[in-house]
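S.K.: Got a file for you: my_file.tsv, TSV, N, CA and C atoms.
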chain	number	residue	atom	x	y	z
X	1	THR	N	72.85	-29.95	-26.21
X	1	THR	CA	73.93	-29.96	-25.24
X	1	THR	C	73.93	-28.67	-24.42
X	2	ALA	N	73.77	-27.53	-25.09
X	2	ALA	CA	73.75	-26.26	-24.38
X	2	ALA	C	72.58	-26.19	-23.40
X	3	LEU	N	71.43	-26.72	-23.80
X	3	LEU	CA	70.26	-26.72	-22.93
X	3	LEU	C	70.50	-27.60	-21.70
X	4	ALA	N	71.08	-28.77	-21.90
X	4	ALA	CA	71.39	-29.67	-20.76
X	4	ALA	C	72.37	-29.00	-19.81
X	5	ALA	N	73.38	-28.34	-20.36
X	5	ALA	CA	74.37	-27.65	-19.53
X	5	ALA	C	73.72	-26.50	-18.76
X	6	GLN	N	72.84	-25.77	-19.42
X	6	GLN	CA	72.14	-24.65	-18.78
X	6	GLN	C	71.27	-25.16	-17.62
X	7	ASP	N	70.54	-26.25	-17.86
X	7	ASP	CA	69.68	-26.82	-16.82
X	7	ASP	C	70.51	-27.40	-15.67
X	8	ALA	N	71.66	-27.99	-15.98
X	8	ALA	CA	72.56	-28.51	-14.95
X	8	ALA	C	73.11	-27.36	-14.11
X	9	GLN	N	73.48	-26.29	-14.76
X	9	GLN	CA	74.01	-25.11	-14.07
X	9	GLN	C	72.95	-24.55	-13.11
X	10	LYS	N	71.72	-24.46	-13.59
X	10	LYS	CA	70.64	-23.93	-12.76
X	10	LYS	C	70.46	-24.79	-11.50
X	11	PHE	N	70.44	-26.11	-11.68
X	11	PHE	CA	70.30	-27.00	-10.54
X	11	PHE	C	71.49	-26.83	-9.57
X	12	ALA	N	72.70	-26.82	-10.10
X	12	ALA	CA	73.90	-26.75	-9.27
X	12	ALA	C	73.94	-25.45	-8.46
X	13	VAL	N	73.61	-24.34	-9.09
X	13	VAL	CA	73.59	-23.07	-8.36
X	13	VAL	C	72.52	-23.12	-7.27
X	14	THR	N	71.33	-23.59	-7.63
X	14	THR	CA	70.22	-23.65	-6.67
X	14	THR	C	70.55	-24.58	-5.51
X	15	ALA	N	71.07	-25.77	-5.81
X	15	ALA	CA	71.31	-26.79	-4.78
X	15	ALA	C	72.59	-26.56	-4.00
X	16	PHE	N	73.70	-26.33	-4.71
X	16	PHE	CA	75.01	-26.33	-4.07
X	16	PHE	C	75.46	-24.96	-3.59
X	17	VAL	N	75.13	-23.90	-4.33
X	17	VAL	CA	75.57	-22.55	-3.96
X	17	VAL	C	74.53	-21.87	-3.07
X	18	GLU	N	73.29	-21.81	-3.55
X	18	GLU	CA	72.23	-21.13	-2.78
X	18	GLU	C	71.67	-22.02	-1.68
X	19	ARG	N	71.83	-23.34	-1.81
X	19	ARG	CA	71.32	-24.33	-0.85
X	19	ARG	C	69.80	-24.19	-0.66
X	20	ASP	N	69.12	-23.89	-1.74
X	20	ASP	CA	67.65	-23.85	-1.74
X	20	ASP	C	67.17	-25.23	-2.14
X	21	PHE	N	67.15	-26.15	-1.17
X	21	PHE	CA	66.90	-27.55	-1.47
X	21	PHE	C	65.48	-27.80	-1.96
X	22	LYS	N	64.54	-27.02	-1.49
X	22	LYS	CA	63.16	-27.19	-1.95
X	22	LYS	C	63.05	-26.88	-3.44
X	23	GLN	N	63.67	-25.77	-3.86
X	23	GLN	CA	63.65	-25.40	-5.28
X	23	GLN	C	64.47	-26.39	-6.11
X	24	ALA	N	65.60	-26.84	-5.57
X	24	ALA	CA	66.43	-27.83	-6.28
X	24	ALA	C	65.64	-29.13	-6.47
X	25	TYR	N	64.89	-29.52	-5.46
X	25	TYR	CA	64.08	-30.73	-5.55
X	25	TYR	C	63.08	-30.62	-6.70
X	26	ALA	N	62.51	-29.44	-6.87
X	26	ALA	CA	61.55	-29.20	-7.95
X	26	ALA	C	62.20	-29.34	-9.33
X	27	LEU	N	63.53	-29.19	-9.41
X	27	LEU	CA	64.25	-29.29	-10.68
X	27	LEU	C	64.66	-30.73	-11.02
X	28	LEU	N	64.43	-31.66	-10.09
X	28	LEU	CA	64.78	-33.06	-10.33
X	28	LEU	C	63.79	-33.72	-11.28
X	29	ALA	N	64.26	-34.76	-11.96
X	29	ALA	CA	63.39	-35.56	-12.83
X	29	ALA	C	62.27	-36.18	-12.01
X	30	ASN	N	61.11	-36.37	-12.62
X	30	ASN	CA	59.95	-36.91	-11.92
X	30	ASN	C	60.25	-38.25	-11.26
X	31	ARG	N	60.96	-39.12	-11.96
X	31	ARG	CA	61.22	-40.44	-11.37
X	31	ARG	C	62.17	-40.34	-10.17
X	32	THR	N	63.04	-39.36	-10.17
X	32	THR	CA	63.93	-39.15	-9.02
X	32	THR	C	63.12	-38.63	-7.83
X	33	GLN	N	62.18	-37.73	-8.10
X	33	GLN	CA	61.31	-37.24	-7.03
X	33	GLN	C	60.46	-38.37	-6.44
X	34	ARG	N	60.01	-39.29	-7.30
X	34	ARG	CA	59.21	-40.42	-6.80
X	34	ARG	C	60.06	-41.36	-5.94
X	35	ALA	N	61.34	-41.48	-6.27
X	35	ALA	CA	62.22	-42.41	-5.56
X	35	ALA	C	62.79	-41.84	-4.26
X	36	TYR	N	62.92	-40.50	-4.18
X	36	TYR	CA	63.57	-39.86	-3.04
X	36	TYR	C	62.75	-38.68	-2.55
X	37	SER	N	62.54	-38.62	-1.24
X	37	SER	CA	61.83	-37.49	-0.64
X	37	SER	C	62.75	-36.28	-0.58
X	38	LEU	N	62.17	-35.12	-0.36
X	38	LEU	CA	62.95	-33.89	-0.17
X	38	LEU	C	63.93	-34.08	0.99
X	39	GLU	N	63.49	-34.72	2.04
X	39	GLU	CA	64.36	-34.94	3.21
X	39	GLU	C	65.57	-35.80	2.85
X	40	LYS	N	65.37	-36.85	2.02
X	40	LYS	CA	66.48	-37.70	1.60
X	40	LYS	C	67.46	-36.92	0.71
X	41	ILE	N	66.94	-36.06	-0.15
X	41	ILE	CA	67.81	-35.24	-1.00
X	41	ILE	C	68.61	-34.27	-0.13
X	42	GLN	N	67.96	-33.64	0.84
X	42	GLN	CA	68.67	-32.73	1.75
X	42	GLN	C	69.77	-33.47	2.51
X	43	ALA	N	69.48	-34.69	2.96
X	43	ALA	CA	70.47	-35.48	3.69
X	43	ALA	C	71.65	-35.83	2.78
X	44	GLU	N	71.37	-36.15	1.51
X	44	GLU	CA	72.44	-36.46	0.56
X	44	GLU	C	73.30	-35.23	0.29
X	45	MET	N	72.68	-34.06	0.18
X	45	MET	CA	73.45	-32.82	-0.02
X	45	MET	C	74.41	-32.60	1.14
X	46	ALA	N	73.93	-32.80	2.36
X	46	ALA	CA	74.79	-32.63	3.53
X	46	ALA	C	75.92	-33.66	3.52
X	47	LYS	N	75.60	-34.89	3.13
X	47	LYS	CA	76.59	-35.97	3.12
X	47	LYS	C	77.73	-35.69	2.13
X	48	ILE	N	77.41	-35.15	0.95
X	48	ILE	CA	78.45	-34.91	-0.05
X	48	ILE	C	79.17	-33.57	0.15
X	49	HIS	N	78.73	-32.80	1.16
X	49	HIS	CA	79.37	-31.52	1.48
X	49	HIS	C	79.73	-31.47	2.97
X	50	PRO	N	80.57	-32.39	3.45
X	50	PRO	CA	80.85	-32.44	4.89
X	50	PRO	C	81.60	-31.21	5.42
X	51	SER	N	82.36	-30.54	4.57
X	51	SER	CA	83.16	-29.41	5.06
X	51	SER	C	82.73	-28.07	4.46
X	52	GLY	N	81.58	-28.03	3.81
X	52	GLY	CA	81.10	-26.77	3.25
X	52	GLY	C	80.64	-26.92	1.82
X	53	TYR	N	80.13	-25.82	1.29
X	53	TYR	CA	79.56	-25.77	-0.05
X	53	TYR	C	80.35	-24.79	-0.92
X	54	PRO	N	80.24	-24.93	-2.24
X	54	PRO	CA	80.94	-23.98	-3.11
X	54	PRO	C	80.26	-22.60	-3.10
X	55	ALA	N	81.06	-21.58	-3.39
X	55	ALA	CA	80.53	-20.22	-3.56
X	55	ALA	C	80.16	-19.99	-5.01
X	56	THR	N	80.81	-20.73	-5.91
X	56	THR	CA	80.53	-20.64	-7.35
X	56	THR	C	80.57	-22.04	-7.93
X	57	VAL	N	79.91	-22.22	-9.06
X	57	VAL	CA	79.93	-23.50	-9.76
X	57	VAL	C	79.74	-23.21	-11.25
X	58	LYS	N	80.44	-24.00	-12.09
X	58	LYS	CA	80.28	-23.81	-13.55
X	58	LYS	C	80.38	-25.16	-14.25
X	59	THR	N	79.63	-25.27	-15.35
X	59	THR	CA	79.70	-26.47	-16.17
X	59	THR	C	81.00	-26.46	-16.95
X	60	THR	N	81.60	-27.65	-17.12
X	60	THR	CA	82.88	-27.72	-17.83
X	60	THR	C	82.86	-28.68	-19.01
X	61	GLU	N	82.18	-29.83	-18.85
X	61	GLU	CA	82.21	-30.85	-19.89
X	61	GLU	C	80.87	-31.56	-19.96
X	62	TYR	N	80.65	-32.23	-21.09
X	62	TYR	CA	79.47	-33.09	-21.23
X	62	TYR	C	79.90	-34.41	-21.83
X	63	GLU	N	79.05	-35.42	-21.61
X	63	GLU	CA	79.33	-36.75	-22.12
X	63	GLU	C	78.01	-37.40	-22.54
X	64	PRO	N	77.84	-37.64	-23.84
X	64	PRO	CA	76.62	-38.32	-24.30
X	64	PRO	C	76.50	-39.70	-23.65
X	65	MET	N	75.27	-40.17	-23.54
X	65	MET	CA	74.99	-41.50	-23.02
X	65	MET	C	74.32	-42.28	-24.15
X	66	PRO	N	75.12	-42.95	-25.00
X	66	PRO	CA	74.56	-43.62	-26.17
X	66	PRO	C	73.41	-44.56	-25.82
X	67	GLY	N	72.34	-44.45	-26.61
X	67	GLY	CA	71.19	-45.30	-26.41
X	67	GLY	C	70.23	-44.82	-25.33
X	68	GLN	N	70.53	-43.68	-24.71
X	68	GLN	CA	69.68	-43.15	-23.65
X	68	GLN	C	69.33	-41.70	-23.95
X	69	ALA	N	68.16	-41.28	-23.46
X	69	ALA	CA	67.75	-39.88	-23.61
X	69	ALA	C	68.34	-39.10	-22.45
X	70	GLY	N	69.57	-38.64	-22.62
X	70	GLY	CA	70.21	-37.89	-21.57
X	70	GLY	C	71.72	-37.82	-21.76
X	71	MET	N	72.38	-37.17	-20.81
X	71	MET	CA	73.84	-37.04	-20.86
X	71	MET	C	74.37	-36.71	-19.48
X	72	ASN	N	75.65	-36.92	-19.30
X	72	ASN	CA	76.36	-36.49	-18.10
X	72	ASN	C	76.85	-35.07	-18.33
X	73	ILE	N	76.71	-34.24	-17.30
X	73	ILE	CA	77.29	-32.90	-17.32
X	73	ILE	C	78.24	-32.82	-16.13
X	74	PHE	N	79.44	-32.35	-16.37
X	74	PHE	CA	80.46	-32.22	-15.33
X	74	PHE	C	80.61	-30.76	-14.95
X	75	LEU	N	80.78	-30.51	-13.66
X	75	LEU	CA	80.88	-29.15	-13.14
X	75	LEU	C	82.01	-29.06	-12.14
X	76	ILE	N	82.54	-27.86	-11.98
X	76	ILE	CA	83.53	-27.58	-10.94
X	76	ILE	C	83.01	-26.41	-10.12
X	77	GLY	N	83.02	-26.61	-8.80
X	77	GLY	CA	82.66	-25.54	-7.87
X	77	GLY	C	83.87	-25.14	-7.07
X	78	GLU	N	83.82	-23.94	-6.51
X	78	GLU	CA	84.94	-23.45	-5.70
X	78	GLU	C	84.43	-22.60	-4.55
X	79	ASN	N	85.20	-22.64	-3.46
X	79	ASN	CA	85.06	-21.63	-2.42
X	79	ASN	C	86.49	-21.22	-2.05
X	80	ASP	N	86.67	-20.52	-0.96
X	80	ASP	CA	88.00	-20.01	-0.62
X	80	ASP	C	89.02	-21.10	-0.33
X	81	THR	N	88.56	-22.28	0.06
X	81	THR	CA	89.50	-23.30	0.52
X	81	THR	C	89.43	-24.63	-0.22
X	82	GLU	N	88.46	-24.79	-1.12
X	82	GLU	CA	88.20	-26.12	-1.67
X	82	GLU	C	87.68	-26.05	-3.10
X	83	GLU	N	87.98	-27.10	-3.88
X	83	GLU	CA	87.36	-27.29	-5.19
X	83	GLU	C	86.39	-28.45	-5.08
X	84	PHE	N	85.31	-28.37	-5.85
X	84	PHE	CA	84.25	-29.37	-5.82
X	84	PHE	C	84.06	-29.90	-7.23
X	85	TYR	N	84.06	-31.21	-7.40
X	85	TYR	CA	83.88	-31.84	-8.71
X	85	TYR	C	82.57	-32.61	-8.71
X	86	TYR	N	81.69	-32.25	-9.64
X	86	TYR	CA	80.36	-32.86	-9.69
X	86	TYR	C	80.10	-33.51	-11.04
X	87	ARG	N	79.25	-34.54	-11.00
X	87	ARG	CA	78.70	-35.13	-12.22
X	87	ARG	C	77.19	-35.19	-12.03
X	88	LEU	N	76.47	-34.58	-12.96
X	88	LEU	CA	75.02	-34.62	-12.95
X	88	LEU	C	74.55	-35.43	-14.14
X	89	VAL	N	73.63	-36.35	-13.91
X	89	VAL	CA	72.99	-37.08	-15.00
X	89	VAL	C	71.74	-36.29	-15.37
X	90	MET	N	71.71	-35.85	-16.62
X	90	MET	CA	70.60	-35.07	-17.13
X	90	MET	C	69.73	-35.97	-17.98
X	91	GLU	N	68.48	-36.10	-17.60
X	91	GLU	CA	67.52	-36.95	-18.31
X	91	GLU	C	66.69	-36.05	-19.23
X	92	GLY	N	66.53	-36.47	-20.49
X	92	GLY	CA	65.68	-35.71	-21.41
X	92	GLY	C	66.29	-35.58	-22.78
X	93	THR	N	65.70	-34.68	-23.56
X	93	THR	CA	66.15	-34.41	-24.92
X	93	THR	C	66.10	-32.91	-25.18
X	94	GLN	N	66.68	-32.50	-26.29
X	94	GLN	CA	66.64	-31.10	-26.67
X	94	GLN	C	65.19	-30.61	-26.78
X	95	GLY	N	64.33	-31.47	-27.32
X	95	GLY	CA	62.93	-31.08	-27.50
X	95	GLY	C	62.13	-31.03	-26.22
X	96	SER	N	62.39	-31.96	-25.30
X	96	SER	CA	61.59	-32.04	-24.07
X	96	SER	C	62.20	-31.25	-22.92
X	97	GLY	N	63.47	-30.87	-23.07
X	97	GLY	CA	64.18	-30.23	-21.97
X	97	GLY	C	64.85	-31.29	-21.10
X	98	TYR	N	65.64	-30.86	-20.14
X	98	TYR	CA	66.43	-31.76	-19.30
X	98	TYR	C	66.13	-31.52	-17.83
X	99	ARG	N	66.19	-32.62	-17.08
X	99	ARG	CA	66.04	-32.55	-15.62
X	99	ARG	C	67.10	-33.45	-15.00
X	100	VAL	N	67.53	-33.10	-13.82
X	100	VAL	CA	68.56	-33.87	-13.12
X	100	VAL	C	67.94	-35.16	-12.58
X	101	SER	N	68.53	-36.30	-12.97
X	101	SER	CA	68.06	-37.57	-12.43
X	101	SER	C	69.04	-38.14	-11.40
X	102	GLY	N	70.24	-37.58	-11.32
X	102	GLY	CA	71.21	-38.02	-10.33
X	102	GLY	C	72.35	-37.03	-10.21
X	103	PHE	N	72.95	-36.96	-9.03
X	103	PHE	CA	74.10	-36.07	-8.82
X	103	PHE	C	75.11	-36.74	-7.91
X	104	TRP	N	76.37	-36.52	-8.22
X	104	TRP	CA	77.48	-37.09	-7.46
X	104	TRP	C	78.57	-36.07	-7.30
X	105	ARG	N	79.32	-36.18	-6.23
X	105	ARG	CA	80.50	-35.36	-6.02
X	105	ARG	C	81.70	-36.28	-5.96
X	106	GLY	N	82.71	-36.00	-6.78
X	106	GLY	CA	83.93	-36.78	-6.79
X	106	GLY	C	84.97	-36.21	-5.84
X	107	ASN	N	85.99	-37.03	-5.52
X	107	ASN	CA	87.08	-36.58	-4.66
X	107	ASN	C	88.10	-35.73	-5.41
X	108	GLY	N	87.99	-35.72	-6.73
X	108	GLY	CA	88.87	-34.94	-7.59
X	108	GLY	C	88.26	-34.94	-8.97
X	109	PRO	N	89.01	-34.50	-9.97
X	109	PRO	CA	88.46	-34.50	-11.33
X	109	PRO	C	88.05	-35.91	-11.75
X	110	TYR	N	86.94	-35.98	-12.47
X	110	TYR	CA	86.48	-37.28	-12.97
X	110	TYR	C	87.41	-37.74	-14.09
X	111	PRO	N	87.69	-39.05	-14.17
X	111	PRO	CA	88.54	-39.55	-15.24
X	111	PRO	C	87.93	-39.27	-16.61
X	112	GLY	N	88.76	-39.01	-17.58
X	112	GLY	CA	88.28	-38.72	-18.93
X	112	GLY	C	87.68	-39.94	-19.61
X	113	SER	N	87.00	-39.69	-20.71
X	113	SER	CA	86.48	-40.78	-21.54
X	113	SER	C	86.52	-40.33	-22.99
X	114	LYS	N	86.40	-41.28	-23.90
X	114	LYS	CA	86.45	-40.96	-25.33
X	114	LYS	C	85.25	-40.11	-25.76
X	115	LEU	N	84.14	-40.20	-25.03
X	115	LEU	CA	82.94	-39.47	-25.43
X	115	LEU	C	82.85	-38.07	-24.81
X	116	ARG	N	83.62	-37.81	-23.77
X	116	ARG	CA	83.51	-36.54	-23.06
X	116	ARG	C	84.08	-35.39	-23.90
X	117	GLN	N	83.38	-34.26	-23.87
X	117	GLN	CA	83.80	-33.08	-24.64
X	117	GLN	C	83.68	-31.83	-23.76
X	118	THR	N	84.51	-30.85	-24.07
X	118	THR	CA	84.49	-29.59	-23.34
X	118	THR	C	83.30	-28.76	-23.78
X	119	LEU	N	82.67	-28.11	-22.80
X	119	LEU	CA	81.56	-27.18	-23.09
X	119	LEU	C	82.14	-25.81	-23.38
X	120	GLN	N	81.52	-25.12	-24.29
X	120	GLN	CA	81.91	-23.74	-24.58
X	120	GLN	C	81.11	-22.81	-23.68
X	121	ASN	N	81.73	-22.29	-22.64
X	121	ASN	CA	81.02	-21.41	-21.69
X	121	ASN	C	81.02	-19.99	-22.18
Re-express the file's structure as structure tokens.
M.R.:
Amino acid sequence: TALAAQDAQKFAVTAFVERDFKQAYALLANRTQRAYSLEKIQAEMAKIHPSGYPATVKTTEYEPMPGQAGMNIFLIGENDTEEFYYRLVMEGTQGSGYRVSGFWRGNGPYPGSKLRQTLQN
């Protein structure tokens, strides 16, 4: 769990805070890279950030995905005027490491679930 959160944090800082889309693309899962070009990922980043990007971002919660090698990691970003709520799907295992296979931005906090747990930052 800590490794997935660490890898999610690295992606979020690279993609959302630093806006280094080329490096963020390199952090995506192989199947995501095969499905989406760098240009499509850049366009999606712009689409989910119509009024700006966060200055900071931190992981807050995780949610196991039973029967799958991976988990959801939830993050909150902030800038001077806005909060950003993200969900990253992390593909992998503790042994193989984790890579981002999908990312979403919510309009507010994501609804809770019985499986979701707080991360110890």
S.K.: From the set X:Arg105, X:Arg99, X:Lys114, X:Lys10, which residue has the shortest atom-to-atom contact distance to Tyr86 of chain X, counting only N, CA and C atoms?
M.R.: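 Smallest distance to Tyr86 of chain X is found for X:Arg105.
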S.K.: Using Å and a single decimal, report how far atom C of Lys22 of chain X sits from atom N of Leu119 of chain X.
M.R.: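 Atom-to-atom, atom N of Leu119 of chain X and atom C of Lys22 of chain X are spaced 27.6 Å apart.
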S.K.: As an exercise, work out the distance from atom CA of Leu75 of chain X to atom N of Arg87 of chain X in Å and give it to one decimal place.
M.R.: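 So the answer is 6.0 Å.
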S.K.: Pick out the residues sitting within 8 Å of Gly102 of chain X, and hand them over as a VMD selection string; count only C-alpha atoms, and ignore anything fewer than 2 positions along from it in its own chain.
M.R.: chain X and resid 32 88 to 90 100 104
S.K.: Quick one: DSSP strand (DSSP E) residues in chain X, as a ChimeraX atom specification?
M.R.: /X:56-64,70-78,83-93,97-106,117-118
S.K.: Using all atoms listed in the file, which of X:Arg116, X:Arg19, X:Lys47, X:Arg31 sits nearest Glu63 of chain X?
M.R.: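 Closest residue, counting all atoms listed in the file: X:Arg116.
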S.K.: Atom N of Tyr62 of chain X and atom CA of Thr93 of chain X, how far apart in Å?
M.R.: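 Atom CA of Thr93 of chain X sits 15.2 Å away from atom N of Tyr62 of chain X.
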S.K.: Using only C-alpha atoms, which of X:Glu39, X:Glu44, X:Asp7, X:Glu61 sits nearest Leu27 of chain X?
M.R.: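 The shortest atom-to-atom distance to Leu27 of chain X comes from X:Asp7.
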S.K.: Extract, using all atoms listed in the file, all DNA, RNA and protein residues at most 7 Å from Ala4 of chain X, discarding same-chain residues fewer than 5 positions from it, and format them as a PDB file with N, CA and C atoms, in the coordinates of the input.
M.R.:
ATOM      1  N   GLN X   9      73.480 -26.290 -14.760  1.00  0.00           N
ATOM      2  CA  GLN X   9      74.010 -25.110 -14.070  1.00  0.00           C
ATOM      3  C   GLN X   9      72.950 -24.550 -13.110  1.00  0.00           C
ATOM      4  N   ILE X  73      76.710 -34.240 -17.300  1.00  0.00           N
ATOM      5  CA  ILE X  73      77.290 -32.900 -17.320  1.00  0.00           C
ATOM      6  C   ILE X  73      78.240 -32.820 -16.130  1.00  0.00           C
ATOM      7  N   MET X  90      71.710 -35.850 -16.620  1.00  0.00           N
ATOM      8  CA  MET X  90      70.600 -35.070 -17.130  1.00  0.00           C
ATOM      9  C   MET X  90      69.730 -35.970 -17.980  1.00  0.00           C
ATOM     10  N   GLN X  94      66.680 -32.500 -26.290  1.00  0.00           N
ATOM     11  CA  GLN X  94      66.640 -31.100 -26.670  1.00  0.00           C
ATOM     12  C   GLN X  94      65.190 -30.610 -26.780  1.00  0.00           C
ATOM     13  N   GLY X  97      63.470 -30.870 -23.070  1.00  0.00           N
ATOM     14  CA  GLY X  97      64.180 -30.230 -21.970  1.00  0.00           C
ATOM     15  C   GLY X  97      64.850 -31.290 -21.100  1.00  0.00           C
ATOM     16  N   TYR X  98      65.640 -30.860 -20.140  1.00  0.00           N
ATOM     17  CA  TYR X  98      66.430 -31.760 -19.300  1.00  0.00           C
ATOM     18  C   TYR X  98      66.130 -31.520 -17.830  1.00  0.00           C
TER      19      TYR X  98
END
S.K.: From a DSSP pass on the backbone, collect the residues of chain X flagged as helix (DSSP H, G or I) and hand them back as number ranges by chain.
M.R.: X: 2-17, 21-26, 30-35, 38-48
S.K.: Of the residues X:Met65, X:Asn79, X:Gln23, X:Phe74, which is the one nearest to Phe103 of chain X, using only C-alpha atoms?
M.R.: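 Using only C-alpha atoms, the shortest distance to Phe103 of chain X belongs to X:Phe74.
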S.K.: Using only C-alpha atoms, can you tell me which of X:Ser113, X:Gln120, X:Asn72, X:Gln33 comes closest to Ala8 of chain X?
M.R.: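 Closest residue, counting only C-alpha atoms: X:Asn72.
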S.K.: Box in all listed atoms of segment 44-55 of chain X, axis-aligned, with 5 Å more on each side; write out centre and edge lengths in Å to one decimal as AutoDock Vina command-line options.
M.R.:
--center_x 77.3 --center_y -28.2 --center_z 0.2 --size_x 21.8 --size_y 26.5 --size_z 20.4
S.K.: How would you write as a PyMOL selection string the residues that get within 7 Å of (76.1, -24.8, -6.7) in the file's frame, counting all atoms listed in the file?
M.R.: chain X and resi 11-19+54-58+77
S.K.: Please work out which residues fall within 6.5 Å of (85.1, -25.1, -0.2), coordinates as given in the file, with only N, CA and C atoms counting, and return them as a list of chain:residue names.
M.R.: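 Output of the proximity query reads X:Ser51, X:Gly52, X:Tyr53, X:Pro54, X:Ala55, X:Glu78, X:Asn79, X:Asp80, X:Thr81, X:Glu82, X:Glu83.
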S.K.: Choose the residue, out of X:Pro64, X:Ala26, X:Gly95, X:Ser37, that has the smallest atom-to-atom separation from Leu115 of chain X; count all atoms listed in the file.
M.R.: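 Comparing X:Pro64, X:Ala26, X:Gly95, X:Ser37 against Leu115 of chain X, the winner is X:Pro64.
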